[in-house]
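start-v1.txt (compact mmCIF, C-alpha atoms and all ligand atoms) appears below.
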```txt
# COMPACT_ATOMS: atom_id res chain seq x y z
CA MET F 671 173.48 161.57 112.59
CA THR F 672 172.09 159.71 115.61
CA GLU F 673 172.91 156.09 116.43
CA LEU F 674 169.21 155.23 116.60
CA ARG F 675 168.82 156.23 112.95
CA LEU F 676 171.78 154.19 111.67
CA PRO F 677 169.42 151.56 110.20
CA VAL F 678 168.16 154.27 107.83
CA ALA F 679 171.49 155.93 107.06
CA ASP F 680 173.14 152.55 106.44
CA ALA F 681 170.18 150.89 104.72
CA PRO F 682 171.44 149.15 101.58
CA ARG F 683 167.97 149.51 100.05
CA VAL F 684 165.45 152.20 100.88
CA VAL F 685 161.90 152.97 99.74
CA VAL F 686 161.03 156.67 99.63
CA LYS F 687 157.38 157.70 99.29
CA ILE F 688 156.40 161.25 98.38
CA GLY F 689 152.77 162.35 98.76
CA SER F 690 150.61 164.47 96.48
CA SER F 691 150.71 167.29 99.03
CA SER F 692 154.48 167.67 98.55
CA LEU F 693 154.45 167.57 94.77
CA THR F 694 151.74 170.07 93.94
CA GLY F 695 151.41 173.81 94.39
CA GLN F 696 148.37 175.77 95.59
CA ASP F 697 147.09 175.87 91.99
CA GLY F 698 146.95 172.07 91.83
CA ARG F 699 149.75 171.93 89.23
CA LEU F 700 152.73 169.64 89.54
CA ASN F 701 155.49 171.48 91.42
CA VAL F 702 158.43 170.69 89.18
CA ALA F 703 160.92 172.43 91.46
CA ALA F 704 159.88 170.15 94.38
CA LEU F 705 160.16 167.10 92.13
CA LYS F 706 163.65 168.11 90.97
CA ALA F 707 164.78 168.79 94.53
CA LEU F 708 163.71 165.29 95.58
CA VAL F 709 165.40 163.72 92.53
CA SER F 710 168.62 165.49 93.39
CA VAL F 711 168.55 164.05 96.94
CA LEU F 712 167.78 160.54 95.67
CA ALA F 713 170.49 160.77 93.01
CA ASP F 714 173.02 161.69 95.72
CA ARG F 715 171.98 158.68 97.79
CA ARG F 716 172.28 156.42 94.75
CA THR F 717 175.73 157.82 93.99
CA ALA F 718 176.69 157.12 97.60
CA GLY F 719 175.80 153.47 97.02
CA GLN F 720 172.27 153.17 98.41
CA GLN F 721 169.62 151.47 96.27
CA VAL F 722 166.58 153.71 96.01
CA ILE F 723 162.99 152.84 95.12
CA LEU F 724 160.58 155.75 94.73
CA VAL F 725 156.85 155.47 95.40
CA THR F 726 155.34 158.67 94.09
CA SER F 727 151.86 160.11 94.16
CA GLY F 728 150.91 163.08 92.05
CA ALA F 729 149.37 161.58 88.90
CA ILE F 730 145.84 162.78 89.63
CA ALA F 731 147.06 166.11 90.96
CA ALA F 732 149.22 166.60 87.87
CA ALA F 733 146.16 166.30 85.62
CA ILE F 734 143.96 168.83 87.45
CA ALA F 735 145.26 171.88 85.55
CA PRO F 736 145.73 170.28 82.08
CA LEU F 737 142.20 168.84 82.17
CA GLY F 738 140.73 172.07 83.53
CA LEU F 739 139.25 170.30 86.56
CA ALA F 740 138.04 172.44 89.48
CA GLY F 741 139.82 170.23 92.01
CA ARG F 742 140.62 166.63 92.82
CA PRO F 743 137.95 164.45 91.15
CA ARG F 744 135.77 162.52 93.60
CA ASP F 745 134.17 160.02 91.22
CA LEU F 746 136.16 156.95 90.27
CA ALA F 747 135.85 157.31 86.48
CA THR F 748 137.21 160.88 86.43
CA ALA F 749 139.94 160.01 88.94
CA GLN F 750 140.98 157.13 86.67
CA ALA F 751 140.99 159.34 83.57
CA ALA F 752 142.97 162.02 85.44
CA ALA F 753 145.50 159.43 86.65
CA SER F 754 145.91 158.20 83.10
CA VAL F 755 146.67 161.73 81.85
CA GLY F 756 148.77 162.77 84.85
CA GLN F 757 150.88 159.62 85.20
CA GLY F 758 152.50 160.18 81.81
CA LEU F 759 153.32 163.79 82.70
CA LEU F 760 154.67 162.77 86.09
CA VAL F 761 157.00 160.07 84.82
CA ALA F 762 158.20 162.27 81.96
CA ARG F 763 159.30 164.82 84.56
CA TYR F 764 161.07 162.18 86.63
CA THR F 765 162.76 160.75 83.54
CA GLU F 766 164.13 164.20 82.62
CA ALA F 767 165.14 165.05 86.18
CA PHE F 768 167.03 161.78 86.81
CA ALA F 769 168.63 162.02 83.34
CA GLU F 770 170.25 165.29 84.48
CA HIS F 771 172.11 163.12 87.02
CA GLY F 772 172.90 160.47 84.40
CA MET F 773 170.34 158.03 85.85
CA ARG F 774 167.54 156.02 84.29
CA VAL F 775 164.13 155.24 85.69
CA GLY F 776 161.60 152.44 85.18
CA GLN F 777 157.89 152.80 85.87
CA LEU F 778 155.82 150.19 87.75
CA LEU F 779 152.10 150.66 88.25
CA LEU F 780 150.74 148.30 90.89
CA THR F 781 147.35 147.45 92.35
CA ALA F 782 146.79 146.21 95.90
CA SER F 783 146.58 142.62 94.72
CA ASP F 784 149.96 142.89 92.98
CA THR F 785 151.55 143.24 96.40
CA LEU F 786 149.54 140.49 98.06
CA ARG F 787 148.55 137.71 95.64
CA ARG F 788 151.30 135.13 95.45
CA ASP F 789 151.86 135.05 91.67
CA HIS F 790 151.57 138.85 91.31
CA TYR F 791 153.82 139.44 94.31
CA ARG F 792 156.58 137.32 92.78
CA ASN F 793 156.28 139.15 89.47
CA ALA F 794 156.55 142.55 91.14
CA GLN F 795 159.50 141.30 93.22
CA ARG F 796 161.37 139.99 90.17
CA SER F 797 160.73 143.13 88.22
CA ILE F 798 161.98 145.47 90.98
CA GLU F 799 165.01 143.27 91.60
CA ARG F 800 166.00 143.28 87.92
CA LEU F 801 165.54 147.05 87.62
CA LEU F 802 167.88 147.55 90.57
CA GLU F 803 170.43 145.13 89.12
CA LEU F 804 170.32 147.17 85.90
CA ASP F 805 170.98 150.28 87.99
CA VAL F 806 167.58 151.74 87.18
CA ILE F 807 165.54 153.68 89.77
CA PRO F 808 162.09 152.01 90.06
CA ILE F 809 159.32 154.62 90.17
CA ILE F 810 156.08 153.18 91.53
CA ASN F 811 152.52 154.44 91.75
CA GLU F 812 149.18 152.74 92.20
CA ASN F 813 147.61 151.68 88.90
CA ASP F 814 144.71 154.08 89.43
CA ALA F 815 143.48 153.83 85.86
CA VAL F 816 142.45 150.18 86.31
CA ALA F 817 142.10 149.76 90.09
CA THR F 818 138.44 149.53 91.09
CA ASP F 819 137.14 150.72 94.45
CA GLU F 820 137.26 147.22 95.95
CA ILE F 821 140.90 146.54 95.16
CA ARG F 822 142.35 150.00 95.40
CA PHE F 823 144.34 151.61 98.17
CA GLY F 824 143.53 155.16 97.04
CA ASP F 825 146.47 156.47 99.04
CA ASN F 826 150.08 155.55 98.41
CA ASP F 827 151.09 155.17 102.05
CA ARG F 828 150.05 151.55 102.45
CA LEU F 829 151.30 150.74 98.95
CA ALA F 830 154.74 152.06 99.98
CA ALA F 831 154.82 149.77 103.03
CA LEU F 832 153.85 146.73 100.98
CA VAL F 833 156.40 147.67 98.30
CA SER F 834 159.02 147.79 101.09
CA HIS F 835 158.09 144.21 101.94
CA VAL F 836 158.03 143.07 98.29
CA ALA F 837 161.42 144.70 97.64
CA ARG F 838 162.94 143.51 100.94
CA ALA F 839 163.84 147.13 101.70
CA ASP F 840 165.81 148.00 104.82
CA ALA F 841 164.05 151.29 105.53
CA LEU F 842 161.02 153.33 104.49
CA VAL F 843 160.92 157.13 104.36
CA LEU F 844 157.47 158.77 104.07
CA LEU F 845 157.65 162.36 102.83
CA THR F 846 154.65 164.61 103.35
CA ASP F 847 153.79 168.22 104.21
CA VAL F 848 154.27 167.92 108.00
CA ASP F 849 157.55 167.22 109.78
CA GLY F 850 156.27 164.09 111.47
CA LEU F 851 153.57 162.89 113.79
CA TYR F 852 151.94 165.23 116.31
CA THR F 853 149.78 164.50 119.32
CA ALA F 854 146.89 166.11 117.36
CA PRO F 855 146.51 167.61 113.86
CA PRO F 856 149.40 170.10 113.77
CA ASP F 857 147.25 173.18 113.23
CA ARG F 858 145.55 172.45 116.57
CA PRO F 859 146.83 174.69 119.41
CA GLY F 860 148.93 172.65 121.83
CA ALA F 861 149.71 169.84 119.34
CA ARG F 862 153.15 168.47 120.23
CA HIS F 863 155.70 166.87 117.93
CA ILE F 864 156.56 163.21 118.54
CA SER F 865 160.11 162.30 117.60
CA LEU F 866 160.27 158.61 118.47
CA VAL F 867 157.68 155.84 118.39
CA ARG F 868 158.71 152.36 119.53
CA GLY F 869 155.34 150.66 119.19
CA PRO F 870 151.58 151.26 119.08
CA GLU F 871 151.43 151.87 122.83
CA ASP F 872 153.63 154.99 122.44
CA ILE F 873 150.92 156.69 120.40
CA GLU F 874 147.82 155.44 122.16
CA GLY F 875 145.35 158.29 122.58
CA ILE F 876 146.89 160.69 120.06
CA GLU F 877 144.47 162.34 117.70
CA ILE F 878 144.85 161.80 113.99
CA THR F 879 142.56 162.59 111.10
CA ALA F 880 141.93 160.75 107.87
CA ARG F 881 141.36 164.04 106.13
CA GLY F 882 144.52 165.00 104.34
CA THR F 883 145.41 168.16 102.48
CA ALA F 884 143.26 169.29 99.55
CA VAL F 885 145.23 167.04 97.18
CA GLY F 886 146.42 164.28 99.53
CA THR F 887 144.48 161.15 100.45
CA GLY F 888 144.16 159.38 103.77
CA GLY F 889 145.88 161.96 106.00
CA MET F 890 147.72 160.57 109.00
CA VAL F 891 145.47 157.50 109.29
CA THR F 892 146.91 155.80 106.21
CA LYS F 893 150.43 156.88 107.17
CA LEU F 894 150.12 155.12 110.52
CA GLU F 895 148.68 152.06 108.76
CA SER F 896 151.75 152.13 106.53
CA VAL F 897 153.99 152.43 109.58
CA ARG F 898 152.23 149.49 111.22
CA ILE F 899 152.75 147.28 108.17
CA ALA F 900 156.40 148.22 107.70
CA THR F 901 157.52 148.15 111.34
CA ALA F 902 155.73 144.85 111.95
CA SER F 903 157.82 143.46 109.08
CA GLY F 904 161.07 144.68 110.65
CA ILE F 905 161.40 147.85 108.55
CA PRO F 906 162.08 151.17 110.34
CA VAL F 907 160.15 154.22 109.10
CA VAL F 908 160.91 157.95 109.08
CA LEU F 909 158.01 160.36 108.55
CA THR F 910 159.01 163.90 107.66
CA THR F 911 158.67 166.72 105.13
CA ALA F 912 159.98 166.52 101.59
CA SER F 913 162.38 169.38 102.38
CA ASN F 914 163.96 167.17 105.07
CA ALA F 915 164.50 164.24 102.69
CA ALA F 916 168.30 164.49 102.56
CA ARG F 917 168.62 164.80 106.34
CA ALA F 918 166.17 161.94 106.95
CA LEU F 919 168.04 159.64 104.57
CA SER F 920 171.38 160.43 106.15
CA GLY F 921 170.06 159.51 109.60
CA GLU F 922 169.64 162.98 111.09
CA ASN F 923 167.14 163.51 113.84
CA VAL F 924 164.28 164.95 111.79
CA GLY F 925 160.57 164.09 111.73
CA THR F 926 159.32 161.03 113.56
CA TYR F 927 161.25 157.76 113.74
CA PHE F 928 159.30 154.50 114.10
CA THR F 929 161.42 151.55 115.21
CA PRO F 930 160.65 148.02 113.97
CA THR F 931 158.21 146.11 116.16
CA GLY F 932 158.65 142.69 114.57
CA LYS F 933 160.73 140.62 112.18
CA ARG F 934 160.24 140.20 108.45
CA THR F 935 157.06 138.21 108.04
CA SER F 936 155.92 135.92 105.22
CA ARG F 937 153.74 137.25 102.41
CA LYS F 938 150.88 135.06 103.63
CA ARG F 939 151.04 136.44 107.17
CA LEU F 940 151.30 139.97 105.80
CA TRP F 941 148.15 139.40 103.78
CA LEU F 942 146.36 137.94 106.80
CA ALA F 943 147.30 140.80 109.07
CA PHE F 944 146.76 143.76 106.80
CA ALA F 945 144.76 143.00 103.71
CA ALA F 946 142.50 140.01 104.00
CA ALA F 947 138.81 140.78 104.59
CA PRO F 948 137.71 138.54 107.50
CA GLN F 949 134.67 136.41 106.70
CA GLY F 950 133.67 135.58 110.29
CA ARG F 951 134.81 135.32 113.92
CA LEU F 952 135.56 132.84 116.65
CA VAL F 953 134.95 133.99 120.23
CA LEU F 954 137.66 132.76 122.61
CA ASP F 955 137.52 132.06 126.35
CA GLU F 956 140.18 133.59 128.62
CA GLY F 957 142.46 130.53 128.52
CA ALA F 958 142.45 130.48 124.73
CA VAL F 959 143.12 134.24 124.59
CA SER F 960 146.27 133.83 126.73
CA ALA F 961 147.38 130.75 124.80
CA VAL F 962 146.99 132.51 121.44
CA GLN F 963 148.62 135.73 122.71
CA GLY F 964 151.54 133.67 123.97
CA GLY F 965 152.36 133.29 120.28
CA LEU F 966 153.08 129.58 120.10
CA ALA F 967 149.71 127.86 120.43
CA SER F 968 147.21 126.82 117.78
CA LEU F 969 143.53 127.51 118.57
CA LEU F 970 141.79 124.34 119.80
CA PRO F 971 137.99 123.86 119.89
CA ALA F 972 138.05 123.46 123.69
CA GLY F 973 138.78 127.19 124.17
CA VAL F 974 136.19 128.57 121.76
CA LEU F 975 132.83 129.89 123.00
CA GLY F 976 131.11 130.65 119.72
CA VAL F 977 131.29 131.13 115.97
CA GLU F 978 129.92 134.01 113.90
CA GLY F 979 129.63 134.38 110.14
CA ASN F 980 129.39 132.02 107.22
CA PHE F 981 132.89 131.12 106.05
CA ASP F 982 134.54 128.19 104.34
CA ALA F 983 137.64 126.28 105.44
CA GLY F 984 140.74 128.21 104.35
CA GLU F 985 139.10 131.65 104.62
CA PRO F 986 140.38 134.45 106.88
CA ILE F 987 138.57 134.97 110.19
CA GLU F 988 139.05 137.09 113.31
CA LEU F 989 139.73 135.68 116.76
CA VAL F 990 138.04 137.83 119.40
CA THR F 991 137.76 137.94 123.18
CA ALA F 992 134.39 137.45 124.91
CA ALA F 993 134.21 141.27 125.05
CA GLY F 994 134.58 141.45 121.27
CA LYS F 995 138.18 142.74 121.10
CA VAL F 996 140.00 141.40 118.03
CA ILE F 997 143.29 139.79 119.10
CA ALA F 998 144.31 137.82 116.02
CA ARG F 999 143.43 136.77 112.51
CA GLY F 1000 143.81 133.34 111.05
CA LEU F 1001 142.73 130.92 108.36
CA SER F 1002 139.93 128.65 109.53
CA ALA F 1003 140.57 124.91 109.16
CA PHE F 1004 136.79 124.24 109.06
CA ASP F 1005 133.65 125.56 107.40
CA ALA F 1006 131.64 127.72 109.86
CA HIS F 1007 128.75 125.23 110.00
CA GLU F 1008 131.11 122.38 111.02
CA ILE F 1009 132.38 124.22 114.09
CA PRO F 1010 129.51 124.40 116.67
CA PRO F 1011 129.48 120.64 117.49
CA LEU F 1012 133.26 120.78 118.11
CA LEU F 1013 133.22 123.64 120.63
CA GLY F 1014 134.20 122.94 124.21
CA HIS F 1015 135.53 119.45 123.39
CA SER F 1016 139.12 118.29 123.71
CA THR F 1017 140.82 117.00 120.57
CA SER F 1018 141.04 113.48 122.03
CA ASP F 1019 137.23 113.50 122.66
CA LEU F 1020 136.66 114.64 119.11
CA ARG F 1021 138.94 111.95 117.70
CA SER F 1022 137.08 109.21 119.58
CA THR F 1023 133.57 110.55 118.80
CA LEU F 1024 133.91 112.04 115.31
CA GLY F 1025 137.07 110.37 114.00
CA ASP F 1026 140.30 111.56 112.39
CA GLY F 1027 140.07 114.93 110.67
CA PHE F 1028 138.08 116.48 113.54
CA ASP F 1029 140.93 116.34 116.05
CA LYS F 1030 142.87 119.25 114.53
CA PRO F 1031 143.02 122.89 115.70
CA LEU F 1032 140.36 125.30 114.41
CA VAL F 1033 143.21 127.63 113.43
CA HIS F 1034 146.76 126.31 113.16
CA ARG F 1035 149.43 128.55 114.68
CA ASP F 1036 151.25 128.80 111.31
CA GLU F 1037 148.11 130.36 109.87
CA LEU F 1038 147.50 132.80 112.70
CA VAL F 1039 148.69 136.39 113.14
CA LEU F 1040 148.48 138.31 116.43
CA LEU F 1041 147.12 141.82 116.08
CA ARG F 1042 147.71 143.21 119.55
CA ARG F 1043 150.62 142.31 121.73
CA PRO F 1044 150.40 142.51 125.52
CA LYS F 1045 151.62 145.91 126.77
CA ARG F 1046 155.29 146.41 127.59
CA PRO F 1047 155.82 146.62 131.34
CA SER F 1048 157.55 150.03 131.45
CA LYS F 1049 158.78 152.89 129.32
CA SER F 1050 162.21 154.31 129.93
CA VAL F 1051 162.34 157.08 127.34
CA PRO F 1052 159.71 159.81 127.01
CA THR F 1053 158.61 159.94 123.39
CA ALA F 1054 156.28 162.92 123.02
CA GLN F 1055 158.42 166.01 123.18
CA ALA F 1056 157.42 169.64 123.16
CA ARG F 1057 158.21 171.21 119.83
CA SER F 1058 161.16 173.52 119.91
N1 LIG A 1 148.34 163.79 114.53
C1 LIG A 1 148.73 164.28 113.33
N2 LIG A 1 150.05 164.57 113.14
C2 LIG A 1 150.49 165.05 111.95
N3 LIG A 1 149.68 165.29 110.88
C3 LIG A 1 148.35 165.02 110.99
C4 LIG A 1 147.82 164.49 112.21
N4 LIG A 1 146.49 164.30 112.03
C5 LIG A 1 146.21 164.69 110.78
N5 LIG A 1 147.32 165.14 110.12
C6 LIG A 1 147.31 165.67 108.71
O1 LIG A 1 147.80 164.73 107.75
C7 LIG A 1 148.18 165.51 106.60
C8 LIG A 1 149.06 164.70 105.65
O2 LIG A 1 148.29 163.75 104.96
P1 LIG A 1 148.04 163.83 103.36
O3 LIG A 1 147.43 165.16 103.01
O4 LIG A 1 147.30 162.59 103.00
O5 LIG A 1 149.52 163.85 102.81
P2 LIG A 1 150.24 163.16 101.56
O6 LIG A 1 149.70 163.78 100.31
O7 LIG A 1 151.68 163.52 101.80
O8 LIG A 1 150.01 161.68 101.63
C9 LIG A 1 148.87 166.70 107.20
O9 LIG A 1 148.77 167.84 106.38
C10 LIG A 1 148.18 166.90 108.56
O10 LIG A 1 147.36 168.05 108.58
N1 LIG A 2 147.91 157.29 93.01
C1 LIG A 2 147.42 158.64 93.31
C2 LIG A 2 147.89 158.98 94.70
C3 LIG A 2 146.83 159.12 95.68
C4 LIG A 2 147.28 160.06 96.81
O1 LIG A 2 147.05 161.25 96.76
O2 LIG A 2 148.00 159.50 97.78
P1 LIG A 2 148.78 160.31 98.96
O3 LIG A 2 149.71 161.24 98.32
O4 LIG A 2 149.47 159.19 99.68
O5 LIG A 2 147.78 161.02 99.81
C5 LIG A 2 148.04 159.67 92.35
O6 LIG A 2 149.11 159.44 91.82
O7 LIG A 2 147.42 160.71 92.16
```

Please go through the file and, once you have read it, give me the structure as structure tokens.
Amino acid sequence: MTELRLPVADAPRVVVKIGSSSLTGQDGRLNVAALKALVSVLADRRTAGQQVILVTSGAIAAAIAPLGLAGRPRDLATAQAAASVGQGLLVARYTEAFAEHGMRVGQLLLTASDTLRRDHYRNAQRSIERLLELDVIPIINENDAVATDEIRFGDNDRLAALVSHVARADALVLLTDVDGLYTAPPDRPGARHISLVRGPEDIEGIEITARGTAVGTGGMVTKLESVRIATASGIPVVLTTASNAARALSGENVGTYFTPTGKRTSRKRLWLAFAAAPQGRLVLDEGAVSAVQGGLASLLPAGVLGVEGNFDAGEPIELVTAAGKVIARGLSAFDAHEIPPLLGHSTSDLRSTLGDGFDKPLVHRDELVLLRRPKRPSKSVPTAQARS
């Protein structure tokens, strides 16, 4: 075990996500041996005192053979029907496999909004908490059978990160078919394994693809999105193969380790940063960009050059530099059409000319989330290492 990985080995509560690629064989059928091997590792962790939450893919893949489908369905209706058939089969297998270790499971099927809308979030949180108190292993998948294209993740990577936030987990382990992140898709000659990532700047310029395996969804793109969500909320992530699960959970130096980049953030800020669809933009001058990036300032009309889009007060918008780079997201305090007359004026001017109610920030700092932090001055540890 390495000291760096202690937060995973000692995590009181861990979320483990296993992808479709690790649970299905070449023939598209559920690989029951792989499922049982994972269950055995998780059961050992539970016996050792760690609380375990499993986010598992595999419902659609599990239905390919029984329904006689040629491959993974591409249209939403067939994918939903396949998920409905396969989910039952999948959970039945988990129920049997955990029962062999004397453990019970509970199924939760969530949609994206269940992890982000306030009332749904609290319900999911209460439900997971109670299952854990009852010593039940929560088994979670996306509710594919009812999730429509607009509100669906499609992959389980981002769902796992949001579940880690909902469940206040201490670590997230993503299990897939590659032993971590590489500088390019691993089948590419010269691709090098990366063992440690301390922030987005450590992986700038690496090449990743959204195309996963034949049965997986999202490839490395959604895994890095998941990492971004979890680490920004203070949760360390290990990305490795399913066969390394036991070693990853006990803190051994396998796969890629992503250290936290921030502290646990509120549900509202999480939604703003990762899920909300921005309805417009404010273009900031250089002074406003530095003030906002400093992390403590609200956005005042004096530092805004322009407004784009047609949004209402309270809706999410992007804050961008004059060159169009998005630096933050926030909730607008004004309707878009109210903003142009305010631009360039100080709040005291606005109070004297337009009256109370117009002297407030366009975006209050409590409703603002930075998306890019200024670069760290230096790196002391090389992170991309040649594969041995
Ligand atoms: N830079 C990269 N490093 C590692 N894997 C990558 C990279 N770019 C693309 N990939 C691909 O991502 C795939 C895993 O994604 P996916 O098939 O969606 O898995 P899962 O079903 O486990 O979610 C790997 O098989 C790998 O080929
Ligand atoms: N919810 C889907 C999972 C979608 C999927 O394949 O996700 P992933 O394994 O993260 O690429 C299922 O159970 O089939």

Go ahead and find all residues with at least one atom no further than 7 Å from (143.5, 164.8, 115.2) in the file's coordinates, using only C-alpha atoms; report them as a ChimeraX atom specification. /F:854-855,877-879

Contact check, chain F to ligand LIG 2 (chain A), at most 6 Å, counting all atoms listed in the file, closest pairs as JSON lines:
```
{"residue": "F:Gly689", "atom": "CA", "partner": "A:LIG2", "partner_atom": "O3", "distance": 3.3}
{"residue": "F:Ser690", "atom": "CA", "partner": "A:LIG2", "partner_atom": "O3", "distance": 3.8}
{"residue": "F:Ser727", "atom": "CA", "partner": "A:LIG2", "partner_atom": "O6", "distance": 3.7}
{"residue": "F:Gly728", "atom": "CA", "partner": "A:LIG2", "partner_atom": "O6", "distance": 4.1}
{"residue": "F:Ala729", "atom": "CA", "partner": "A:LIG2", "partner_atom": "O6", "distance": 3.6}
{"residue": "F:Ile730", "atom": "CA", "partner": "A:LIG2", "partner_atom": "O7", "distance": 3.6}
{"residue": "F:Ala731", "atom": "CA", "partner": "A:LIG2", "partner_atom": "O7", "distance": 5.5}
{"residue": "F:Ala753", "atom": "CA", "partner": "A:LIG2", "partner_atom": "O7", "distance": 6.0}
{"residue": "F:Asn811", "atom": "CA", "partner": "A:LIG2", "partner_atom": "N1", "distance": 5.6}
{"residue": "F:Glu812", "atom": "CA", "partner": "A:LIG2", "partner_atom": "N1", "distance": 4.8}
{"residue": "F:Asp814", "atom": "CA", "partner": "A:LIG2", "partner_atom": "N1", "distance": 5.8}
{"residue": "F:Gly824", "atom": "CA", "partner": "A:LIG2", "partner_atom": "C3", "distance": 5.3}
{"residue": "F:Asp825", "atom": "CA", "partner": "A:LIG2", "partner_atom": "O2", "distance": 3.6}
{"residue": "F:Asn826", "atom": "CA", "partner": "A:LIG2", "partner_atom": "O4", "distance": 3.9}
{"residue": "F:Asp827", "atom": "CA", "partner": "A:LIG2", "partner_atom": "O4", "distance": 4.9}
{"residue": "F:Gly886", "atom": "CA", "partner": "A:LIG2", "partner_atom": "O5", "distance": 3.5}
{"residue": "F:Thr887", "atom": "CA", "partner": "A:LIG2", "partner_atom": "O5", "distance": 3.4}
{"residue": "F:Gly888", "atom": "CA", "partner": "A:LIG2", "partner_atom": "O5", "distance": 5.6}
```

Between F:Asn980, F:Ser710, F:Gln963, F:Thr1017, which one has atoms that come closest to Ser913 of chain F, using all atoms listed in the file? F:Ser710

To check your reading of the model: which residues sit at most 9 Å from ligand LIG 1 (chain A) when counting only C-alpha atoms and all ligand atoms? Write the answer as JSON, numbers by chain. {"F": [687, 688, 689, 690, 691, 692, 693, 727, 728, 825, 826, 827, 844, 845, 846, 847, 848, 849, 850, 851, 852, 853, 854, 855, 856, 857, 861, 862, 863, 864, 876, 877, 878, 879, 880, 881, 882, 883, 884, 885, 886, 887, 888, 889, 890, 891, 892, 893, 911, 912]}

Which residues of segment 771-880 of chain F come within 9 Å of segment 927-949 of chain F, and what is each one's closest atom pair and distance in Å (one decimal), counting only C-alpha atoms, sorted by chain and residue number, as a tab-separated table?
```
residue	atom	partner	partner_atom	distance
F:Ala782	CA	F:Ala945	CA	8.7
F:Thr785	CA	F:Arg937	CA	8.8
F:Leu786	CA	F:Trp941	CA	6.0
F:Arg787	CA	F:Trp941	CA	8.3
F:Arg788	CA	F:Arg937	CA	7.7
F:Tyr791	CA	F:Arg937	CA	8.4
F:Leu832	CA	F:Leu940	CA	8.7
F:His835	CA	F:Arg934	CA	7.9
F:Val836	CA	F:Arg937	CA	8.3
F:Arg838	CA	F:Arg934	CA	8.6
F:Gly850	CA	F:Tyr927	CA	8.4
F:Ile864	CA	F:Tyr927	CA	8.6
F:Ser865	CA	F:Tyr927	CA	6.1
F:Leu866	CA	F:Tyr927	CA	4.9
F:Val867	CA	F:Phe928	CA	4.8
F:Arg868	CA	F:Thr929	CA	5.2
F:Gly869	CA	F:Thr931	CA	6.2
F:Pro870	CA	F:Thr931	CA	8.9
```

Expressed in Å to a single decimal, how great is the separation between atom CA of Ala831 of chain F and atom CA of Val1033 of chain F?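 Spanning atom CA of Ala831 of chain F to atom CA of Val1033 of chain F is a straight-line distance of 27.1 Å.
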
Under the rule that all atoms listed in the file are counted, which of F:Pro1031, F:Pro859, F:Gly994, F:Pro1011 is the nearest residue to Ala967 of chain F?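 Once distances to Ala967 of chain F are computed over all atoms listed in the file, the minimum belongs to F:Pro1031.
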
Need the axis-aligned box for segment 827-843 of chain F with 3 Å each side, so what are the centre and edges in Å to one decimal, as JSON?
```
{"center_x": 157.9, "center_y": 150.1, "center_z": 101.6, "size_x": 21.8, "size_y": 20.1, "size_z": 13.9}
```

With distances taken over only C-alpha atoms, which residue among F:Leu1012, F:Ala817, F:Ile798, F:Val678 lies nearest Val977 of chain F? F:Leu1012

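Using only C-alpha atoms, the shortest contact distance between Pro906 of chain F and any of F:Glu956, F:Asp789, F:Glu985, F:Asp680 is found at F:Asp680.
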
Across F:Ala839, F:Val962, F:Met671, F:Ala972, the smallest distance to Ala998 of chain F, with all atoms listed in the file counted, is shown by F:Val962

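Taking atom CA of Ala918 of chain F and atom CA of Arg675 of chain F as endpoints, the distance between them is 8.7 Å.
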
Distance atom CA of Val908 of chain F-atom CA of Asp697 of chain F, one decimal place?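 Atom-to-atom, atom CA of Val908 of chain F and atom CA of Asp697 of chain F are spaced 28.4 Å apart.
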
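Shortest atom-to-atom contact with Val996 of chain F among F:Gly976, F:Leu954, F:Ser903, F:Ser1016: F:Leu954, counting only C-alpha atoms.
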
Spatial neighbours of segment 705-707 of chain F, max dist 10 Å, all atoms listed in the file, sep filter under 5 positions, as a PyMOL selection string: chain F and resi 688+692-694+700+712-713+726+760+763-764+766-768+770+912-913+915-916

Residues at most 10 Å from Ala958 of chain F, counting only C-alpha atoms, excluding those fewer than 3 positions away in the same chain, as a ChimeraX atom specification? /F:953-955,961-964,967-975,989,991

Just the residues within 10 Å of Ala983 of chain F, please, counting only C-alpha atoms, with nothing from its chain fewer than 3 positions along; format it as a ChimeraX atom specification. /F:986-987,1001-1006,1008,1032-1033
